[in-house]
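Raw contents of run_37.cif, mmCIF, C-alpha atoms:
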data_start
#
loop_
_atom_site.label_atom_id
_atom_site.label_comp_id
_atom_site.auth_asym_id
_atom_site.auth_seq_id
_atom_site.Cartn_x
_atom_site.Cartn_y
_atom_site.Cartn_z
CA MET W 399 72.42 53.77 177.86
CA SER W 400 72.07 51.51 180.89
CA GLY W 401 69.44 49.99 183.18
CA ARG W 402 67.82 52.21 185.75
CA PRO W 403 69.48 52.41 189.19
CA ALA W 404 67.47 53.46 192.25
CA ARG W 405 66.02 56.97 192.06
CA SER W 406 68.27 59.64 193.53
CA PRO W 407 66.93 62.33 195.89
CA ALA W 408 67.19 64.79 192.97
CA GLU W 409 64.94 62.60 190.86
CA TRP W 410 62.44 62.30 193.70
CA VAL W 411 62.35 66.11 194.02
CA THR W 412 61.65 66.39 190.27
CA PHE W 413 58.90 63.80 190.54
CA ALA W 414 57.30 65.53 193.54
CA ALA W 415 57.40 68.92 191.80
CA SER W 416 55.92 67.33 188.66
CA VAL W 417 53.04 65.83 190.63
CA VAL W 418 52.35 69.27 192.15
CA VAL W 419 52.34 70.87 188.66
CA LEU W 420 49.88 68.30 187.29
CA VAL W 421 47.64 68.47 190.37
CA VAL W 422 47.49 72.28 190.03
CA LEU W 423 46.77 71.97 186.28
CA VAL W 424 43.97 69.42 186.77
CA GLY W 425 42.64 71.50 189.69
CA LEU W 426 42.45 74.63 187.53
CA ILE W 427 40.71 72.68 184.75
CA GLY W 428 38.28 71.38 187.40
CA VAL W 429 37.58 74.94 188.61
CA GLU W 430 36.84 76.02 185.04
CA ALA W 431 34.62 72.98 184.52
CA GLY W 432 32.52 74.22 187.44
CA GLU W 433 31.80 77.53 185.70
CA PRO W 434 28.27 77.79 184.29
CA ASP W 435 27.88 76.86 180.62
CA GLY W 436 25.80 78.76 178.10
CA PRO W 437 25.92 80.35 174.68
CA ALA W 438 28.57 82.93 173.75
CA LEU W 439 27.46 86.51 174.45
CA PRO W 440 29.86 89.15 173.10
CA ARG W 441 28.93 92.70 174.11
CA VAL W 442 30.33 96.18 173.62
CA VAL W 443 31.46 97.14 177.11
CA GLU W 444 33.32 100.38 176.52
CA SER W 445 33.87 102.89 173.73
CA GLY W 446 35.98 106.01 173.60
CA PRO W 447 37.42 108.40 174.41
CA VAL W 448 37.59 109.66 170.83
CA GLU W 449 41.10 110.66 169.76
CA ARG W 450 41.95 112.91 166.86
CA HIS W 451 44.74 111.68 164.58
CA GLY W 452 45.39 114.18 161.79
CA ASP W 453 42.23 114.35 159.67
CA ALA W 454 40.66 111.24 161.23
CA PHE W 455 38.88 110.50 164.50
CA LEU W 456 39.75 107.24 166.21
CA VAL W 457 37.19 105.50 168.43
CA PRO W 458 38.62 102.67 170.58
CA VAL W 459 36.05 100.03 171.52
CA LYS W 460 36.26 97.17 174.00
CA ILE W 461 34.16 94.07 173.52
CA ARG W 462 33.80 91.27 176.01
CA ASN W 463 32.35 87.79 175.76
CA GLU W 464 30.10 87.52 178.82
CA GLY W 465 28.61 84.19 177.74
CA GLY W 466 29.68 80.67 178.59
CA ALA W 467 31.29 79.62 175.28
CA THR W 468 33.82 80.90 172.76
CA ALA W 469 32.60 83.17 169.96
CA GLU W 470 34.32 82.99 166.58
CA SER W 471 34.52 85.71 163.89
CA VAL W 472 32.80 88.33 166.04
CA GLN W 473 31.56 91.16 163.81
CA VAL W 474 31.44 94.66 165.27
CA ALA W 475 29.75 97.51 163.40
CA ALA W 476 29.90 101.23 164.15
CA GLU W 477 27.31 103.61 162.62
CA LEU W 478 27.89 107.34 162.83
CA THR W 479 24.91 109.55 161.94
CA ILE W 480 25.50 113.28 161.43
CA GLY W 481 22.67 115.37 160.01
CA GLY W 482 20.96 112.39 158.45
CA GLN W 483 24.16 111.22 156.75
CA VAL W 484 25.31 107.76 157.88
CA SER W 485 28.92 106.51 157.92
CA VAL W 486 29.46 102.80 158.62
CA ALA W 487 32.64 101.02 159.74
CA ASP W 488 33.16 97.30 160.43
CA GLN W 489 35.64 95.30 162.41
CA SER W 490 35.96 91.62 163.30
CA VAL W 491 37.65 89.68 166.08
CA GLU W 492 38.83 86.17 165.17
CA PHE W 493 38.25 84.49 168.54
CA LEU W 494 36.73 85.68 171.78
CA ALA W 495 36.92 83.12 174.58
CA ARG W 496 34.63 83.15 177.61
CA ASN W 497 35.36 86.26 179.73
CA GLU W 498 37.88 87.51 177.18
CA THR W 499 38.06 91.21 176.31
CA ALA W 500 39.33 92.45 172.95
CA GLU W 501 39.93 95.97 171.76
CA VAL W 502 39.19 97.23 168.26
CA ALA W 503 39.30 100.74 166.81
CA PHE W 504 37.13 102.58 164.26
CA LEU W 505 38.23 105.52 162.14
CA PHE W 506 35.82 108.25 161.02
CA VAL W 507 36.44 111.33 158.90
CA ASP W 508 33.84 113.33 160.89
CA ASP W 509 33.97 114.00 164.61
CA PRO W 510 31.68 111.47 166.35
CA ALA W 511 30.98 114.10 169.05
CA THR W 512 28.93 116.08 166.50
CA GLY W 513 26.54 113.19 165.76
CA THR W 514 25.16 109.92 167.05
CA LEU W 515 27.47 106.91 167.24
CA ASP W 516 25.94 103.44 167.50
CA ILE W 517 28.32 100.53 168.08
CA ARG W 518 27.01 96.98 168.25
CA ILE W 519 27.85 93.34 167.70
CA THR W 520 26.20 92.23 164.47
CA GLY W 521 26.98 88.53 164.64
CA PHE W 522 29.46 85.74 165.33
CA THR W 523 30.07 82.10 164.45
CA VAL W 524 29.35 79.37 166.99
CA PRO W 525 32.49 77.17 166.87
CA MET Z 1181 78.23 50.34 180.13
CA GLY Z 1182 79.59 53.32 178.25
CA ALA Z 1183 82.10 55.84 179.50
CA ALA Z 1184 79.44 58.45 178.84
CA ASP Z 1185 77.28 56.98 181.60
CA ALA Z 1186 80.25 56.83 183.95
CA ASP Z 1187 80.92 60.47 183.13
CA ALA Z 1188 77.28 61.31 183.85
CA ARG Z 1189 77.50 59.63 187.28
CA ASP Z 1190 80.68 61.57 188.10
CA ARG Z 1191 78.73 64.82 187.85
CA GLY Z 1192 76.69 64.00 190.94
CA PRO Z 1193 72.96 63.33 191.19
CA TRP Z 1194 71.76 66.96 191.29
CA ARG Z 1195 73.80 68.12 188.32
CA ARG Z 1196 72.96 64.94 186.42
CA GLU Z 1197 69.27 65.52 187.09
CA ALA Z 1198 69.56 69.14 185.94
CA THR Z 1199 71.24 67.93 182.72
CA ASP Z 1200 68.47 65.37 182.17
CA LEU Z 1201 65.79 68.04 182.60
CA VAL Z 1202 67.57 70.45 180.24
CA ARG Z 1203 67.81 67.59 177.72
CA ALA Z 1204 64.07 66.99 178.07
CA VAL Z 1205 63.25 70.67 177.51
CA SER Z 1206 65.67 70.81 174.56
CA GLY Z 1207 64.03 67.78 172.94
CA GLY Z 1208 60.64 69.36 173.49
CA MET Z 1209 61.80 72.60 171.88
CA LEU Z 1210 63.13 70.81 168.80
CA PHE Z 1211 59.91 68.87 168.28
CA GLY Z 1212 57.37 71.35 169.61
CA ILE Z 1213 58.45 74.77 168.39
CA PRO Z 1214 56.79 74.67 164.94
CA LEU Z 1215 53.40 74.07 166.59
CA LEU Z 1216 54.09 76.81 169.15
CA TYR Z 1217 54.15 79.13 166.14
CA THR Z 1218 50.86 77.81 164.72
CA MET Z 1219 47.83 80.03 165.35
CA GLU Z 1220 45.37 77.23 164.64
CA VAL Z 1221 46.69 75.38 167.69
CA TRP Z 1222 46.18 78.54 169.80
CA TRP Z 1223 42.63 78.77 168.46
CA ILE Z 1224 41.89 75.11 169.12
CA GLY Z 1225 43.13 75.69 172.67
CA SER Z 1226 40.97 78.81 172.95
CA GLN Z 1227 37.74 77.03 172.11
CA THR Z 1228 38.39 73.74 173.86
CA GLN Z 1229 36.03 72.68 176.61
CA THR Z 1230 37.41 71.53 179.93
CA VAL Z 1231 36.36 67.91 179.46
CA HIS Z 1232 38.36 67.79 176.21
CA MET Z 1233 41.37 69.29 177.98
CA LEU Z 1234 41.30 66.47 180.51
CA GLY Z 1235 40.94 63.97 177.65
CA VAL Z 1236 43.98 65.44 175.85
CA LEU Z 1237 45.97 65.40 179.09
CA VAL Z 1238 45.18 61.70 179.64
CA PHE Z 1239 45.81 60.88 175.96
CA MET Z 1240 49.18 62.63 176.17
CA PHE Z 1241 50.40 60.09 178.70
CA VAL Z 1242 49.96 57.15 176.28
CA PRO Z 1243 52.63 58.01 173.66
CA VAL Z 1244 54.83 59.63 176.33
CA PHE Z 1245 54.74 56.45 178.46
CA LEU Z 1246 55.51 54.21 175.47
CA LEU Z 1247 58.37 56.48 174.37
CA ASN Z 1248 59.76 56.65 177.90
CA ARG Z 1249 59.95 52.86 177.92
CA THR Z 1250 62.09 52.85 174.77
CA ALA Z 1251 63.74 56.30 174.52
CA GLY Z 1252 63.00 58.88 177.21
CA PHE Z 1253 65.03 61.90 178.20
CA ARG Z 1254 67.40 60.22 180.63
CA THR Z 1255 70.66 58.47 179.78
CA THR Z 1256 69.42 55.38 181.60
CA GLN Z 1257 66.87 53.13 179.97
CA ASP Z 1258 63.56 52.58 181.71
CA ILE Z 1259 62.83 48.90 181.94
CA ARG Z 1260 60.26 48.85 184.72
CA ARG Z 1261 56.83 50.23 184.00
CA ARG Z 1262 56.89 52.12 187.29
CA ASP Z 1263 59.99 54.10 186.27
CA ALA Z 1264 58.54 54.84 182.83
CA ALA Z 1265 55.28 56.00 184.45
CA MET Z 1266 57.13 58.30 186.87
CA ASP Z 1267 59.26 59.71 184.04
CA SER Z 1268 56.06 60.27 182.05
CA VAL Z 1269 54.61 62.36 184.89
CA GLU Z 1270 57.84 64.41 184.86
CA THR Z 1271 57.82 64.70 181.05
CA VAL Z 1272 54.26 66.01 180.91
CA ALA Z 1273 54.76 68.40 183.86
CA LEU Z 1274 57.96 69.76 182.33
CA ALA Z 1275 56.17 70.24 179.01
CA VAL Z 1276 53.31 72.08 180.73
CA VAL Z 1277 55.68 74.46 182.56
CA SER Z 1278 57.92 75.02 179.51
CA VAL Z 1279 54.99 75.65 177.17
CA PHE Z 1280 53.42 78.06 179.66
CA LEU Z 1281 56.66 80.08 179.80
CA LEU Z 1282 57.02 80.04 176.00
CA LEU Z 1283 53.40 81.14 175.49
CA VAL Z 1284 54.01 84.00 177.93
CA LEU Z 1285 57.16 84.88 175.97
CA LEU Z 1286 55.15 84.87 172.73
CA ARG Z 1287 52.39 86.89 174.46
CA GLU Z 1288 49.81 84.26 173.64
CA VAL Z 1289 49.16 83.99 177.38
CA THR Z 1290 49.00 87.34 179.16
CA ALA Z 1291 47.58 88.66 182.43
CA THR Z 1292 44.28 89.34 180.64
CA THR Z 1293 43.94 85.91 179.00
CA PRO Z 1294 40.96 84.05 180.48
CA LEU Z 1295 42.02 81.01 182.52
CA GLU Z 1296 40.11 78.53 180.34
CA GLU Z 1297 41.75 79.85 177.17
CA ALA Z 1298 45.22 79.73 178.73
CA LEU Z 1299 44.67 76.17 179.97
CA GLY Z 1300 43.46 75.05 176.52
CA LYS Z 1301 46.48 76.54 174.80
CA ILE Z 1302 48.88 75.04 177.34
CA VAL Z 1303 47.38 71.54 177.15
CA TYR Z 1304 47.38 71.43 173.33
CA GLU Z 1305 50.85 72.93 172.92
CA ALA Z 1306 52.25 70.66 175.65
CA THR Z 1307 51.37 67.52 173.66
CA PRO Z 1308 54.02 67.80 170.89
CA PHE Z 1309 56.44 69.30 173.42
CA ALA Z 1310 56.06 66.27 175.73
CA ILE Z 1311 56.52 63.86 172.82
CA GLY Z 1312 59.72 65.72 171.87
CA SER Z 1313 60.94 65.47 175.47
CA ALA Z 1314 60.16 61.76 175.56
CA ILE Z 1315 62.34 61.10 172.50
CA ALA Z 1316 65.06 63.57 173.51
CA GLN Z 1317 67.58 60.82 174.18
CA HIS Z 1318 67.08 59.36 170.68
CA MET Z 1319 66.65 62.65 168.84
CA LEU Z 1320 70.30 63.63 168.91
CA ARG Z 1321 71.75 60.42 170.27
CA ARG Z 1322 74.78 60.68 172.54
CA ALA Z 1323 77.86 59.45 170.71
CA PRO Z 1324 79.98 56.72 172.31
CA ALA Z 1325 82.90 58.11 174.31
CA GLU Z 1326 85.38 56.67 171.83
CA ALA Z 1327 83.74 58.45 168.93
CA GLU Z 1328 83.68 61.68 170.94
CA ASP Z 1329 87.40 61.38 171.66
CA GLU Z 1330 88.08 60.70 168.00
CA ALA Z 1331 85.95 63.65 166.99
CA THR Z 1332 87.79 65.85 169.50
CA GLU Z 1333 91.14 64.90 168.00
CA GLU Z 1334 89.85 65.49 164.49
CA ALA Z 1335 88.48 68.86 165.51
CA ALA Z 1336 91.74 69.87 167.14
CA ASP Z 1337 93.64 68.96 163.99
CA GLY Z 1338 91.32 71.04 161.80
CA LYS Z 1339 91.94 74.61 160.78
CA GLY Z 1340 90.11 77.23 162.85
CA LEU Z 1341 88.64 79.01 159.86
CA GLN Z 1342 87.44 75.78 158.26
CA ALA Z 1343 85.85 74.66 161.52
CA THR Z 1344 84.11 78.04 161.77
CA LEU Z 1345 82.78 77.72 158.23
CA VAL Z 1346 81.47 74.26 159.05
CA ASP Z 1347 79.73 75.76 162.12
CA VAL Z 1348 78.18 78.56 160.08
CA GLY Z 1349 76.99 76.06 157.46
CA ALA Z 1350 75.55 73.71 160.07
CA THR Z 1351 73.78 76.58 161.85
CA THR Z 1352 72.34 77.77 158.53
CA ILE Z 1353 71.10 74.31 157.54
CA GLY Z 1354 69.58 73.68 160.98
CA ALA Z 1355 67.93 77.11 161.09
CA VAL Z 1356 66.41 76.58 157.63
CA PHE Z 1357 65.29 73.05 158.55
CA ILE Z 1358 63.27 74.20 161.59
CA ALA Z 1359 62.24 77.76 160.64
CA PHE Z 1360 61.59 77.47 156.90
CA ASN Z 1361 58.02 76.26 157.36
CA VAL Z 1362 57.34 78.99 159.93
CA ALA Z 1363 58.79 81.90 157.91
CA PRO Z 1364 55.96 82.35 155.34
CA THR Z 1365 53.12 82.11 157.88
CA ASP Z 1366 51.01 84.94 159.30
CA GLU Z 1367 52.09 84.02 162.83
CA ILE Z 1368 55.33 86.00 162.51
CA PRO Z 1369 53.67 89.42 161.86
CA MET Z 1370 50.92 88.54 164.37
CA LEU Z 1371 53.38 87.76 167.16
CA ALA Z 1372 55.70 90.66 166.26
CA ALA Z 1373 52.82 93.14 166.27
CA ALA Z 1374 51.94 92.24 169.86
CA MET Z 1375 55.50 92.57 171.19
CA PRO Z 1376 56.82 95.73 172.79
CA ALA Z 1377 60.57 96.42 172.73
CA ALA Z 1378 61.17 94.90 176.17
CA TRP Z 1379 59.55 91.67 175.02
CA LEU Z 1380 61.79 91.54 171.95
CA ILE Z 1381 64.82 91.80 174.23
CA ALA Z 1382 63.39 88.92 176.28
CA MET Z 1383 63.01 86.93 173.04
CA VAL Z 1384 66.67 87.55 172.21
CA LEU Z 1385 67.80 86.45 175.68
CA ALA Z 1386 65.55 83.37 175.61
CA SER Z 1387 66.85 82.40 172.15
CA LEU Z 1388 70.45 82.65 173.40
CA VAL Z 1389 69.78 80.64 176.59
CA ILE Z 1390 67.84 77.91 174.75
CA SER Z 1391 70.50 77.66 172.04
CA TYR Z 1392 73.28 77.43 174.68
CA CYS Z 1393 71.40 74.77 176.65
CA ILE Z 1394 70.77 72.59 173.58
CA VAL Z 1395 74.42 72.62 172.50
CA PHE Z 1396 76.39 72.83 175.74
CA VAL Z 1397 74.21 71.61 178.61
CA ALA Z 1398 71.72 69.01 177.40
CA GLY Z 1399 74.35 66.28 176.92
CA PHE Z 1400 73.31 65.45 173.38
CA SER Z 1401 75.82 63.82 171.05
CA ASP Z 1402 78.94 65.79 170.24
CA GLN Z 1403 78.72 68.10 173.26
CA LYS Z 1404 82.30 67.33 174.24
CA ARG Z 1405 83.54 68.05 170.73
CA ARG Z 1406 81.57 71.30 170.68
CA ARG Z 1407 83.39 72.44 173.83
CA ASN Z 1408 86.75 71.65 172.17
CA GLN Z 1409 85.83 73.17 168.80
CA PRO Z 1410 88.88 75.00 167.38
CA GLY Z 1411 86.94 77.57 165.31
CA ILE Z 1412 87.26 81.34 165.61
CA PHE Z 1413 84.28 81.43 167.99
CA GLN Z 1414 85.63 78.57 170.09
CA HIS Z 1415 84.27 79.64 173.51
CA PRO Z 1416 80.75 78.32 174.21
CA MET Z 1417 79.39 81.80 174.96
CA THR Z 1418 81.00 83.34 171.88
CA GLU Z 1419 79.85 80.47 169.71
CA THR Z 1420 76.29 80.82 171.03
CA VAL Z 1421 76.18 84.56 170.28
CA ALA Z 1422 77.85 84.19 166.86
CA SER Z 1423 75.53 81.33 165.90
CA TYR Z 1424 72.52 83.36 167.01
CA LEU Z 1425 73.61 86.19 164.74
CA VAL Z 1426 73.90 83.66 161.89
CA SER Z 1427 70.38 82.42 162.75
CA LEU Z 1428 69.06 86.00 162.60
CA VAL Z 1429 70.64 86.52 159.18
CA VAL Z 1430 69.10 83.23 158.00
CA ALA Z 1431 65.72 84.28 159.45
CA ALA Z 1432 65.94 87.61 157.59
CA GLY Z 1433 66.85 85.73 154.41
CA MET Z 1434 63.86 83.41 154.74
CA LEU Z 1435 61.49 86.33 155.34
CA TRP Z 1436 62.92 88.09 152.29
CA PHE Z 1437 62.63 84.88 150.23
CA PHE Z 1438 58.92 84.59 151.04
CA GLN Z 1439 58.45 88.34 150.42
CA ARG Z 1440 57.37 88.89 154.02
CA LEU Z 1441 60.00 91.64 154.26
CA THR Z 1442 60.78 94.20 151.58
CA PRO Z 1443 63.38 96.99 151.40
CA GLU Z 1444 60.55 99.52 151.94
CA ASP Z 1445 59.63 98.11 155.37
CA PRO Z 1446 60.61 100.26 158.37
CA MET Z 1447 63.59 99.03 160.37
CA SER Z 1448 61.53 98.48 163.54
CA LEU Z 1449 59.26 96.06 161.65
CA VAL Z 1450 62.23 94.22 160.14
CA VAL Z 1451 63.91 93.86 163.54
CA SER Z 1452 60.78 92.59 165.30
CA HIS Z 1453 59.96 90.03 162.58
CA VAL Z 1454 63.54 88.76 162.43
CA ILE Z 1455 63.76 88.39 166.22
CA VAL Z 1456 60.43 86.53 166.39
CA LEU Z 1457 61.53 84.09 163.67
CA GLY Z 1458 64.99 84.06 165.25
CA LEU Z 1459 63.83 81.80 168.10
CA PRO Z 1460 62.94 78.76 165.95
CA ALA Z 1461 65.93 79.56 163.72
CA ALA Z 1462 68.27 79.56 166.75
CA VAL Z 1463 66.79 76.25 167.99
CA GLY Z 1464 67.33 74.74 164.53
CA GLY Z 1465 70.81 76.23 164.30
CA ALA Z 1466 71.78 74.67 167.62
CA ALA Z 1467 70.53 71.26 166.47
CA GLY Z 1468 72.38 71.70 163.19
CA ARG Z 1469 75.69 72.27 164.96
CA LEU Z 1470 75.18 69.10 166.98
CA ALA Z 1471 74.24 67.09 163.91
CA VAL Z 1472 77.36 67.75 161.79
#
Encoding of this model in structure tokens:
Amino acid sequence: MSGRPARSPAEWVTFAASVVVLVVLVGLIGVEAGEPDGPALPRVVESGPVERHGDAFLVPVKIRNEGGATAESVQVAAELTIGGQVSVADQSVEFLARNETAEVAFLFVDDPATGTLDIRITGFTVP
Amino acid sequence: MGAADADARDRGPWRREATDLVRAVSGGMLFGIPLLYTMEVWWIGSQTQTVHMLGVLVFMFVPVFLLNRTAGFRTTQDIRRRDAAMDSVETVALAVVSVFLLLVLLREVTATTPLEEALGKIVYEATPFAIGSAIAQHMLRRAPAEAEDEATEEAADGKGLQATLVDVGATTIGAVFIAFNVAPTDEIPMLAAAMPAAWLIAMVLASLVISYCIVFVAGFSDQKRRRNQPGIFQHPMTETVASYLVSLVVAAGMLWFFQRLTPEDPMSLVVSHVIVLGLPAAVGGAAGRLAV
């Protein structure tokens, strides 16, 4: 190991590229800082189409956090009512950042098309 | 001034700079890869507010600057504060870029990841990576030229099979050292579950390139001896591939040891888990071969 000689052109190129990387990074953080704050607001944005897999019916569901903060342990419940009989299924998503979309799936023995399917967010933890 | 430094100057400024940068990334990999496989760090990044990100970014410069004044990733020692500060900018930027690419490889940052979440993950994961880069020169210290020459002669005198066994042993020990604390965690099935076949192939290629760079490009100690190794897999490319296969076997062994894989598991699951753990195992295996 020796003392540092004058910077070579190659080292100056590395330094310049590094400055650009950090300026872009700080700029992107600044852009995000300008986004409006607010509480987390996870919503069910899309469900279906229902797919049949053997004896079960699979219902894919997309949830999206439209709020201004991260939601933790987001609980999603699906309630299928057919002829007064209710089937309930639960799912949870560990983390849902602002503007993030996650996909979960519910399985039912009965065809959801023959009844009423209610899917909703039942709660989440504020980190 | 050592012959190693004279040798470094002979390579020309552009190649020398490329070697320095590869050394920085290699040091970052060795220090940062366990936290890249830690879901809690991803989660902390996911829920971090922008003001905290800026705080972490500023905080990161403090240890990196101090380390660059004493260790750093270059073969030259920074004496002036200005040089250490400029190297610190490079260290952090290199960590940010490397961590971004690794998070993409691990599918923790995808096209659908919100920008704020991606930035949080990158900033938090870049911190240990940057510290690793800043101590790269001291992590696997370059041996004096005389010792390298001596080692080369010793290696040439050794039997090929014995040298190969030493390589296999060193790869195994290094792979266990880095990947043993990752093997029993839930991150392996989580990451493997999100990876399509094409991504697994990318993981294999990345593991091979990173392993090759650590051993044969970064200019850590013993690099010269590694190139003159008389073992059965004496060519750098062959050695890299053979050592990677050893790392995969070690990764499979660790997953079996922790009962994360059983004989009943389907082959596709076994392959994906082993390849995902194979990256830290290959990084450890490369370090192990440099350390013996």
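Of the residues under consideration (Z:Val1221, Z:Leu1237, Z:Val1429, Z:Val1205), Z:Leu1237 shows the shortest atom-to-atom contact distance to chain W when counting all atoms listed in the file.
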Exercise. Selected by the PyMOL selection byres ((chain Z and resi 1358) around 10) in the shown coordinates: which residues, as a ChimeraX atom specification?
Worked result: /Z:1210-1211,1213-1214,1353-1357,1359-1363,1460-1465,1467-1468
Output the selection as a PDB file, in the coordinates of the input - C-alpha atoms for each residue.
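After the write, selection_30.pdb holds the following:
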ATOM      1  CA  LEU Z1210      63.130  70.810 168.800  1.00  0.00           C
ATOM      2  CA  PHE Z1211      59.910  68.870 168.280  1.00  0.00           C
ATOM      3  CA  ILE Z1213      58.450  74.770 168.390  1.00  0.00           C
ATOM      4  CA  PRO Z1214      56.790  74.670 164.940  1.00  0.00           C
ATOM      5  CA  ILE Z1353      71.100  74.310 157.540  1.00  0.00           C
ATOM      6  CA  GLY Z1354      69.580  73.680 160.980  1.00  0.00           C
ATOM      7  CA  ALA Z1355      67.930  77.110 161.090  1.00  0.00           C
ATOM      8  CA  VAL Z1356      66.410  76.580 157.630  1.00  0.00           C
ATOM      9  CA  PHE Z1357      65.290  73.050 158.550  1.00  0.00           C
ATOM     10  CA  ALA Z1359      62.240  77.760 160.640  1.00  0.00           C
ATOM     11  CA  PHE Z1360      61.590  77.470 156.900  1.00  0.00           C
ATOM     12  CA  ASN Z1361      58.020  76.260 157.360  1.00  0.00           C
ATOM     13  CA  VAL Z1362      57.340  78.990 159.930  1.00  0.00           C
ATOM     14  CA  ALA Z1363      58.790  81.900 157.910  1.00  0.00           C
ATOM     15  CA  PRO Z1460      62.940  78.760 165.950  1.00  0.00           C
ATOM     16  CA  ALA Z1461      65.930  79.560 163.720  1.00  0.00           C
ATOM     17  CA  ALA Z1462      68.270  79.560 166.750  1.00  0.00           C
ATOM     18  CA  VAL Z1463      66.790  76.250 167.990  1.00  0.00           C
ATOM     19  CA  GLY Z1464      67.330  74.740 164.530  1.00  0.00           C
ATOM     20  CA  GLY Z1465      70.810  76.230 164.300  1.00  0.00           C
ATOM     21  CA  ALA Z1467      70.530  71.260 166.470  1.00  0.00           C
ATOM     22  CA  GLY Z1468      72.380  71.700 163.190  1.00  0.00           C
TER      23      GLY Z1468
END
Exercise. Of the candidates W:Ala495, W:Val419, W:Ala511, W:Ile519, which one gets nearest to Ala469 in chain W if we count all atoms listed in the file?
Worked result: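 Result for the nearest residue to Ala469 in chain W: W:Ala495.
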Problem set entry | Two-atom distance - CA of Leu1281 in chain Z, CA of Phe493 in chain W (Å) |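 Those two atoms sit 22.0 Å apart.
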Exercise. Within 8 Å of range 427-432 of chain W, counting only C-alpha atoms, which residues qualify if same-chain residues fewer than 4 places away don't, as a count of residues only?
Worked result: 8
Exercise. Mind pulling up the distance from CA of Gly1312 in chain Z to CA of Val421 in chain W?
Worked result: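 Spanning CA of Val421 in chain W to CA of Gly1312 in chain Z is a straight-line distance of 22.3 Å.
Note that the spacing between CA of Thr1199 in chain Z and CA of Gly1399 in chain Z amounts to 6.8 Å.
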Exercise. Expanded to explicit residues, what is the PyMOL selection byres ((chain Z) within 6 of (chain W)) for this file, as a list in words?
Worked result: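 When the PyMOL selection byres ((chain Z) within 6 of (chain W)) is applied to the shown file, the picked residues are Trp1194, Gln1227, Thr1230, Thr1255, Thr1256, Gln1257, Asp1258, Glu1270, Ala1273 and Pro1294 of chain Z.
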Problem set entry | Which of Z:Gln1439, Z:Ser1226, Z:Ser1452, Z:Gln1317 sits closest to Arg1249 in chain Z [using all atoms listed in the file] |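 Closest candidate: Z:Gln1317.
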Problem set entry | Explicit residues for the PyMOL selection byres ((chain Z and resi 1450) around 12) (as a ChimeraX atom specification) | /Z:1368-1369,1372-1373,1428-1429,1431-1433,1435-1436,1439-1449,1451-1458
Problem set entry | Z:Cys1393, Z:Leu1388, Z:Ile1311, Z:Leu1216 ranked by distance to Val1421 in chain Z, top pick (using all atoms listed in the file) | Z:Leu1388
Problem set entry | Among the residues Z:Val1397, Z:Ala1382, Z:Leu1283, Z:Leu1247, the one that comes closest to Trp1222 in chain Z [using only C-alpha atoms] |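 The closest residue to Trp1222 in chain Z is Z:Leu1283.
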Missing atoms in range 493-500 of chain W: fill them in up to N, CA, C and O atoms and send the result as an mmCIF file, keeping the file's coordinate frame.
data_model
loop_
_atom_site.group_PDB
_atom_site.id
_atom_site.type_symbol
_atom_site.label_atom_id
_atom_site.label_comp_id
_atom_site.auth_asym_id
_atom_site.auth_seq_id
_atom_site.Cartn_x
_atom_site.Cartn_y
_atom_site.Cartn_z
ATOM 1 N N PHE W 493 38.721 85.364 167.459
ATOM 2 C CA PHE W 493 38.250 84.490 168.540
ATOM 3 C C PHE W 493 38.035 85.311 169.796
ATOM 4 O O PHE W 493 38.838 86.187 170.115
ATOM 5 N N LEU W 494 36.974 85.017 170.506
ATOM 6 C CA LEU W 494 36.730 85.680 171.780
ATOM 7 C C LEU W 494 36.284 84.599 172.764
ATOM 8 O O LEU W 494 35.142 84.132 172.729
ATOM 9 N N ALA W 495 37.222 84.185 173.613
ATOM 10 C CA ALA W 495 36.920 83.120 174.580
ATOM 11 C C ALA W 495 36.011 83.657 175.675
ATOM 12 O O ALA W 495 35.815 84.877 175.805
ATOM 13 N N ARG W 496 35.477 82.763 176.480
ATOM 14 C CA ARG W 496 34.630 83.150 177.610
ATOM 15 C C ARG W 496 35.390 84.120 178.516
ATOM 16 O O ARG W 496 36.549 83.861 178.875
ATOM 17 N N ASN W 497 34.772 85.220 178.847
ATOM 18 C CA ASN W 497 35.360 86.260 179.730
ATOM 19 C C ASN W 497 36.513 87.034 179.093
ATOM 20 O O ASN W 497 37.205 87.777 179.778
ATOM 21 N N GLU W 498 36.772 86.805 177.812
ATOM 22 C CA GLU W 498 37.880 87.510 177.180
ATOM 23 C C GLU W 498 37.430 88.890 176.684
ATOM 24 O O GLU W 498 36.295 89.060 176.219
ATOM 25 N N THR W 499 38.325 89.858 176.807
ATOM 26 C CA THR W 499 38.060 91.210 176.310
ATOM 27 C C THR W 499 39.004 91.502 175.155
ATOM 28 O O THR W 499 40.197 91.201 175.243
ATOM 29 N N ALA W 500 38.487 92.057 174.079
ATOM 30 C CA ALA W 500 39.330 92.450 172.950
ATOM 31 C C ALA W 500 39.074 93.911 172.646
ATOM 32 O O ALA W 500 38.009 94.453 172.963
#
